[in-house]
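> Okay, so here is input_26.txt, and as you'll see once you scroll down, it has compact mmCIF, C-alpha atoms.
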```
# COMPACT_ATOMS: atom_id res chain seq x y z
CA VAL L 125 11.31 0.77 7.47
CA GLY L 126 9.73 -2.58 8.30
CA VAL L 127 6.34 -3.33 6.75
CA ALA L 128 4.23 -5.50 9.08
CA ASP L 129 2.96 -8.78 7.67
CA PRO L 130 -0.80 -8.77 8.29
CA LEU L 131 -0.96 -12.54 7.77
CA ARG L 132 1.79 -13.39 10.29
CA ALA L 133 1.63 -11.57 13.61
CA GLY L 134 5.00 -10.08 14.55
CA GLY L 135 6.47 -10.78 11.11
CA LEU L 136 7.67 -8.47 8.37
CA ALA L 137 6.36 -8.60 4.84
CA ALA L 138 9.11 -6.32 3.50
CA VAL L 139 11.76 -3.79 4.42
CA VAL L 140 11.80 -0.44 2.62
CA SER L 141 15.18 1.29 2.38
CA SER L 142 15.66 5.02 1.90
CA ALA L 143 19.28 4.60 0.80
CA GLY L 144 20.07 7.06 -1.97
CA ALA L 145 16.74 8.89 -1.76
CA ALA L 146 16.78 12.63 -1.05
CA GLU L 147 13.17 12.67 0.18
CA LEU L 148 11.26 9.54 1.05
CA SER L 149 8.18 8.76 3.09
CA VAL L 150 6.55 5.38 3.64
CA ALA L 151 2.95 4.74 4.66
CA THR L 152 1.00 1.52 4.95
CA SER L 153 -2.72 0.99 5.16
CA GLY L 154 -4.09 -2.42 5.97
CA THR L 155 -5.47 -4.88 8.47
CA ALA L 156 -2.35 -5.76 10.49
CA GLU L 157 -2.89 -3.40 13.42
CA ARG L 158 -6.52 -2.25 13.36
CA GLY L 159 -8.40 -4.90 11.41
CA ALA L 160 -10.96 -3.87 8.79
CA HIS L 161 -11.09 -0.15 9.50
CA VAL L 162 -10.75 1.42 6.03
CA MET L 163 -14.14 2.61 4.85
CA ASP L 164 -15.43 2.66 1.29
CA PRO L 165 -16.69 6.23 0.76
CA ARG L 166 -19.31 4.98 -1.70
CA THR L 167 -21.00 2.68 0.83
CA GLY L 168 -19.94 3.99 4.24
CA ARG L 169 -19.00 0.43 5.16
CA PRO L 170 -15.61 -1.28 5.51
CA ALA L 171 -13.91 -1.62 2.12
CA ASP L 172 -14.56 -4.94 0.38
CA THR L 173 -11.04 -5.54 -0.93
CA ASP L 174 -8.71 -8.42 -1.67
CA LEU L 175 -5.85 -6.46 -0.10
CA VAL L 176 -4.51 -6.91 3.42
CA SER L 177 -1.80 -4.27 3.00
CA ALA L 178 -0.98 -1.33 0.73
CA THR L 179 2.39 0.34 1.25
CA VAL L 180 3.18 3.54 -0.63
CA VAL L 181 6.55 5.25 -1.02
CA ALA L 182 6.41 8.95 -1.96
CA PRO L 183 8.29 12.18 -1.26
CA ARG L 184 5.68 13.47 1.25
CA LEU L 185 4.15 11.50 4.13
CA THR L 186 0.72 13.13 3.96
CA TRP L 187 0.27 12.03 0.36
CA ALA L 188 1.83 8.60 0.91
CA ASP L 189 -0.71 8.00 3.69
CA CYS L 190 -3.65 9.25 1.60
CA TRP L 191 -2.63 7.17 -1.40
CA ALA L 192 -2.05 4.02 0.70
CA THR L 193 -5.55 4.28 2.18
CA ALA L 194 -7.19 4.97 -1.18
CA ALA L 195 -5.24 2.12 -2.81
CA PHE L 196 -6.29 -0.29 -0.07
CA ALA L 197 -9.97 0.57 -0.60
CA ARG L 198 -9.66 0.12 -4.39
CA GLY L 199 -8.33 -3.44 -4.30
CA SER L 200 -5.21 -4.84 -5.92
CA ARG L 201 -5.91 -4.56 -9.64
CA ALA L 202 -7.49 -1.08 -9.67
CA ALA L 203 -4.96 0.20 -7.13
CA LEU L 204 -1.93 -1.00 -9.06
CA ALA L 205 -2.99 0.70 -12.29
CA TRP L 206 -3.89 3.91 -10.44
CA LEU L 207 -0.65 4.01 -8.42
CA GLU L 208 1.42 3.47 -11.59
CA SER L 209 -0.14 6.68 -12.96
CA LEU L 210 1.03 8.83 -10.02
CA PRO L 211 4.44 10.46 -10.62
CA GLY L 212 7.09 9.81 -7.97
CA VAL L 213 4.99 7.13 -6.25
CA GLU L 214 5.83 3.45 -5.80
CA ALA L 215 3.87 0.77 -3.98
CA LEU L 216 3.79 -2.75 -2.59
CA LEU L 217 0.39 -4.47 -2.40
CA LEU L 218 -0.30 -7.70 -0.50
CA THR L 219 -3.48 -9.77 -0.84
CA ALA L 220 -5.21 -12.21 1.48
CA ARG L 221 -4.22 -14.95 -1.02
CA GLU L 222 -0.56 -14.07 -0.38
CA GLU L 223 -0.14 -12.46 -3.79
CA VAL L 224 2.37 -9.60 -4.03
CA PHE L 225 2.00 -6.75 -6.51
CA ARG L 226 4.56 -3.95 -7.02
CA THR L 227 4.68 -0.82 -9.11
CA GLY L 228 7.45 -0.73 -11.69
CA GLY L 229 10.01 1.13 -9.56
CA MET L 230 9.29 -0.36 -6.13
CA ASP L 231 12.10 -2.92 -6.25
CA ARG L 232 14.73 -0.20 -5.83
CA TYR L 233 13.35 0.53 -2.34
CA LEU L 234 13.07 -3.04 -1.12
CA GLY L 235 15.97 -4.02 1.11
```
Mind turning the file's structure into structure tokens?

Amino acid sequence: VGVADPLRAGGLAAVVSSAGAAELSVATSGTAERGAHVMDPRTGRPADTDLVSATVVAPRLTWADCWATAAFARGSRAALAWLESLPGVEALLLTAREEVFRTGGMDRYLG
């Protein structure tokens, strides 16, 4: 699965491989396709975050999508710690400063 690069139109930031996984879903939340559309539930306004993309790998798509959106709204540092606490979940986070953060097991899915 290609992960769009929100900083380079038409480019890929990463490729996620499902090789060897019995169940795998991938969801990304970010600015690449729809701009600043993720809302902060505390303010009702677009999330003020350093992230431009949050990709989550999990066994179920519904949860991967929920967690990607919540991670995006949290920002890189809070999201990384939170995602690390979720069992069976891995993530790739990209910031506007071109920083890349990964959960401990994400490398096994990057092709």
> Could you list, as a list in words, every residue within 10 Å of segment 160-164 of chain L, counting all atoms listed in the file and ignoring same-chain residues fewer than 5 positions away?
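Listed by chain and then number, they are Ser153, Gly154, Thr155, Arg169, Pro170, Ala171, Asp172, Thr173, Val176, Thr193, Ala194, Phe196, Ala197 and Arg198 of chain L.
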> Would you please work out which residue, of L:Thr227, L:Glu157, L:Ala151, L:Leu204, is nearest to Cys190 of chain L when using only C-alpha atoms?
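Looking only at the distances to Cys190 of chain L, the closest residue turns out to be L:Ala151.
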> Taking all atoms listed in the file into account, which of L:Val180, L:Leu131, L:Leu185, L:Ala146 comes nearest Leu217 of chain L?
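Once distances to Leu217 of chain L are computed over all atoms listed in the file, the minimum belongs to L:Val180.
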> Do you have the atom CA of Ala188 of chain L-atom CA of Leu207 of chain L distance handy?
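Taking atom CA of Ala188 of chain L as the start and atom CA of Leu207 of chain L as the end point, the length is 10.7 Å.
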> Out of L:Glu223, L:Asp174, L:Gly228, L:Thr186, which residue has the shortest atom-to-atom distance to Ser209 of chain L when counting all atoms listed in the file?
L:Gly228
> Which of these, L:Trp206, L:Ala215, L:Arg184, L:Glu147, has the shortest distance to Asp231 of chain L once you count all atoms listed in the file?
L:Ala215
> Restricting the calculation to all atoms listed in the file, which member of L:Gly159, L:Gly144, L:Pro211, L:Pro183 is positioned closest to Tyr233 of chain L?
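Nearest candidate to Tyr233 of chain L out of L:Gly159, L:Gly144, L:Pro211, L:Pro183: L:Gly144.
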> Could you give me the centre and size, in Å to one decimal, of an axis-aligned box around all listed atoms of segment 149-165 of chain L with 6 Å added on every side, as JSON?

```
{"center_x": -4.3, "center_y": 1.5, "center_z": 7.1, "size_x": 36.9, "size_y": 26.5, "size_z": 24.7}
```
> Here is a test: counting all atoms listed in the file, which residue of L:Gly135, L:Ala156, L:Ser149, L:Ser177 is nearest to Val213 of chain L?
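Ranking L:Gly135, L:Ala156, L:Ser149, L:Ser177 by distance to Val213 of chain L, first place goes to L:Ser149.
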> Between atom CA of Glu222 of chain L and atom CA of Trp187 of chain L, what is the distance in Å, rounded to a tenth?
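According to the coordinates, atom CA of Glu222 of chain L and atom CA of Trp187 of chain L are separated by 26.1 Å.
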> What's the separation between atom CA of Gly229 of chain L and atom CA of Glu208 of chain L, in Å to one decimal place?
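Separation of atom CA of Gly229 of chain L and atom CA of Glu208 of chain L: 9.1 Å.
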> For segment 223-234 of chain L, supply all heavy atoms and format the output as a short mmCIF file (atom, residue, chain, number, x, y, z; two decimals), in the coordinates of the input.

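As a result, selection39.cif now contains:
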```
data_model
loop_
_atom_site.label_atom_id
_atom_site.label_comp_id
_atom_site.auth_asym_id
_atom_site.auth_seq_id
_atom_site.Cartn_x
_atom_site.Cartn_y
_atom_site.Cartn_z
N GLU L 223 -0.68 -12.99 -2.55
CA GLU L 223 -0.14 -12.46 -3.79
C GLU L 223 0.57 -11.14 -3.46
O GLU L 223 0.16 -10.42 -2.55
CB GLU L 223 -1.25 -12.18 -4.79
CG GLU L 223 -2.01 -13.42 -5.21
CD GLU L 223 -3.27 -13.06 -5.96
OE1 GLU L 223 -4.14 -12.39 -5.37
OE2 GLU L 223 -3.39 -13.46 -7.14
N VAL L 224 1.61 -10.84 -4.22
CA VAL L 224 2.37 -9.60 -4.03
C VAL L 224 2.39 -8.86 -5.36
O VAL L 224 2.77 -9.43 -6.39
CB VAL L 224 3.81 -9.90 -3.57
CG1 VAL L 224 4.61 -8.62 -3.44
CG2 VAL L 224 3.81 -10.70 -2.28
N PHE L 225 1.97 -7.61 -5.33
CA PHE L 225 2.00 -6.75 -6.51
C PHE L 225 2.87 -5.54 -6.20
O PHE L 225 2.82 -5.01 -5.09
CB PHE L 225 0.59 -6.27 -6.89
CG PHE L 225 -0.34 -7.39 -7.25
CD1 PHE L 225 -1.21 -7.92 -6.31
CD2 PHE L 225 -0.36 -7.91 -8.53
CE1 PHE L 225 -2.07 -8.96 -6.63
CE2 PHE L 225 -1.22 -8.95 -8.87
CZ PHE L 225 -2.08 -9.47 -7.92
N ARG L 226 3.68 -5.12 -7.19
CA ARG L 226 4.56 -3.95 -7.02
C ARG L 226 4.44 -3.05 -8.24
O ARG L 226 4.31 -3.54 -9.36
CB ARG L 226 6.02 -4.40 -6.93
CG ARG L 226 6.38 -5.13 -5.70
CD ARG L 226 7.87 -5.41 -5.63
NE ARG L 226 8.39 -6.52 -6.40
CZ ARG L 226 8.18 -7.80 -6.14
NH1 ARG L 226 7.40 -8.15 -5.15
NH2 ARG L 226 8.73 -8.74 -6.86
N THR L 227 4.55 -1.75 -7.99
CA THR L 227 4.68 -0.82 -9.11
C THR L 227 6.05 -1.02 -9.73
O THR L 227 6.95 -1.61 -9.11
CB THR L 227 4.48 0.63 -8.64
OG1 THR L 227 5.40 0.89 -7.58
CG2 THR L 227 3.05 0.89 -8.19
N GLY L 228 6.23 -0.50 -10.92
CA GLY L 228 7.45 -0.73 -11.69
C GLY L 228 8.76 -0.35 -11.02
O GLY L 228 9.77 -1.00 -11.25
N GLY L 229 8.76 0.68 -10.19
CA GLY L 229 10.01 1.13 -9.56
C GLY L 229 10.16 0.75 -8.09
O GLY L 229 11.13 1.17 -7.46
N MET L 230 9.25 -0.05 -7.56
CA MET L 230 9.29 -0.36 -6.13
C MET L 230 10.51 -1.19 -5.72
O MET L 230 11.03 -1.04 -4.62
CB MET L 230 8.00 -1.07 -5.70
CG MET L 230 7.90 -1.33 -4.22
SD MET L 230 7.89 0.22 -3.29
CE MET L 230 7.91 -0.40 -1.63
N ASP L 231 10.98 -2.04 -6.60
CA ASP L 231 12.10 -2.92 -6.25
C ASP L 231 13.33 -2.17 -5.75
O ASP L 231 14.06 -2.66 -4.91
CB ASP L 231 12.49 -3.82 -7.43
CG ASP L 231 11.52 -4.98 -7.61
OD1 ASP L 231 10.72 -5.23 -6.70
OD2 ASP L 231 11.56 -5.62 -8.68
N ARG L 232 13.55 -0.96 -6.26
CA ARG L 232 14.73 -0.20 -5.83
C ARG L 232 14.68 0.19 -4.36
O ARG L 232 15.70 0.54 -3.78
CB ARG L 232 14.96 1.00 -6.73
CG ARG L 232 14.02 2.15 -6.49
CD ARG L 232 14.41 3.37 -7.33
NE ARG L 232 13.33 4.29 -7.42
CZ ARG L 232 12.64 4.55 -8.52
NH1 ARG L 232 12.95 3.96 -9.65
NH2 ARG L 232 11.65 5.41 -8.51
N TYR L 233 13.49 0.17 -3.75
CA TYR L 233 13.35 0.53 -2.34
C TYR L 233 13.29 -0.67 -1.41
O TYR L 233 13.31 -0.52 -0.20
CB TYR L 233 12.09 1.37 -2.13
CG TYR L 233 12.13 2.69 -2.86
CD1 TYR L 233 11.31 2.93 -3.96
CD2 TYR L 233 13.02 3.69 -2.47
CE1 TYR L 233 11.35 4.13 -4.63
CE2 TYR L 233 13.07 4.90 -3.15
CZ TYR L 233 12.23 5.10 -4.23
OH TYR L 233 12.29 6.29 -4.90
N LEU L 234 13.19 -1.86 -1.96
CA LEU L 234 13.07 -3.04 -1.12
C LEU L 234 14.46 -3.53 -0.71
O LEU L 234 15.31 -3.79 -1.56
CB LEU L 234 12.29 -4.14 -1.84
CG LEU L 234 10.83 -3.78 -2.14
CD1 LEU L 234 10.17 -4.89 -2.92
CD2 LEU L 234 10.06 -3.48 -0.86
#
```
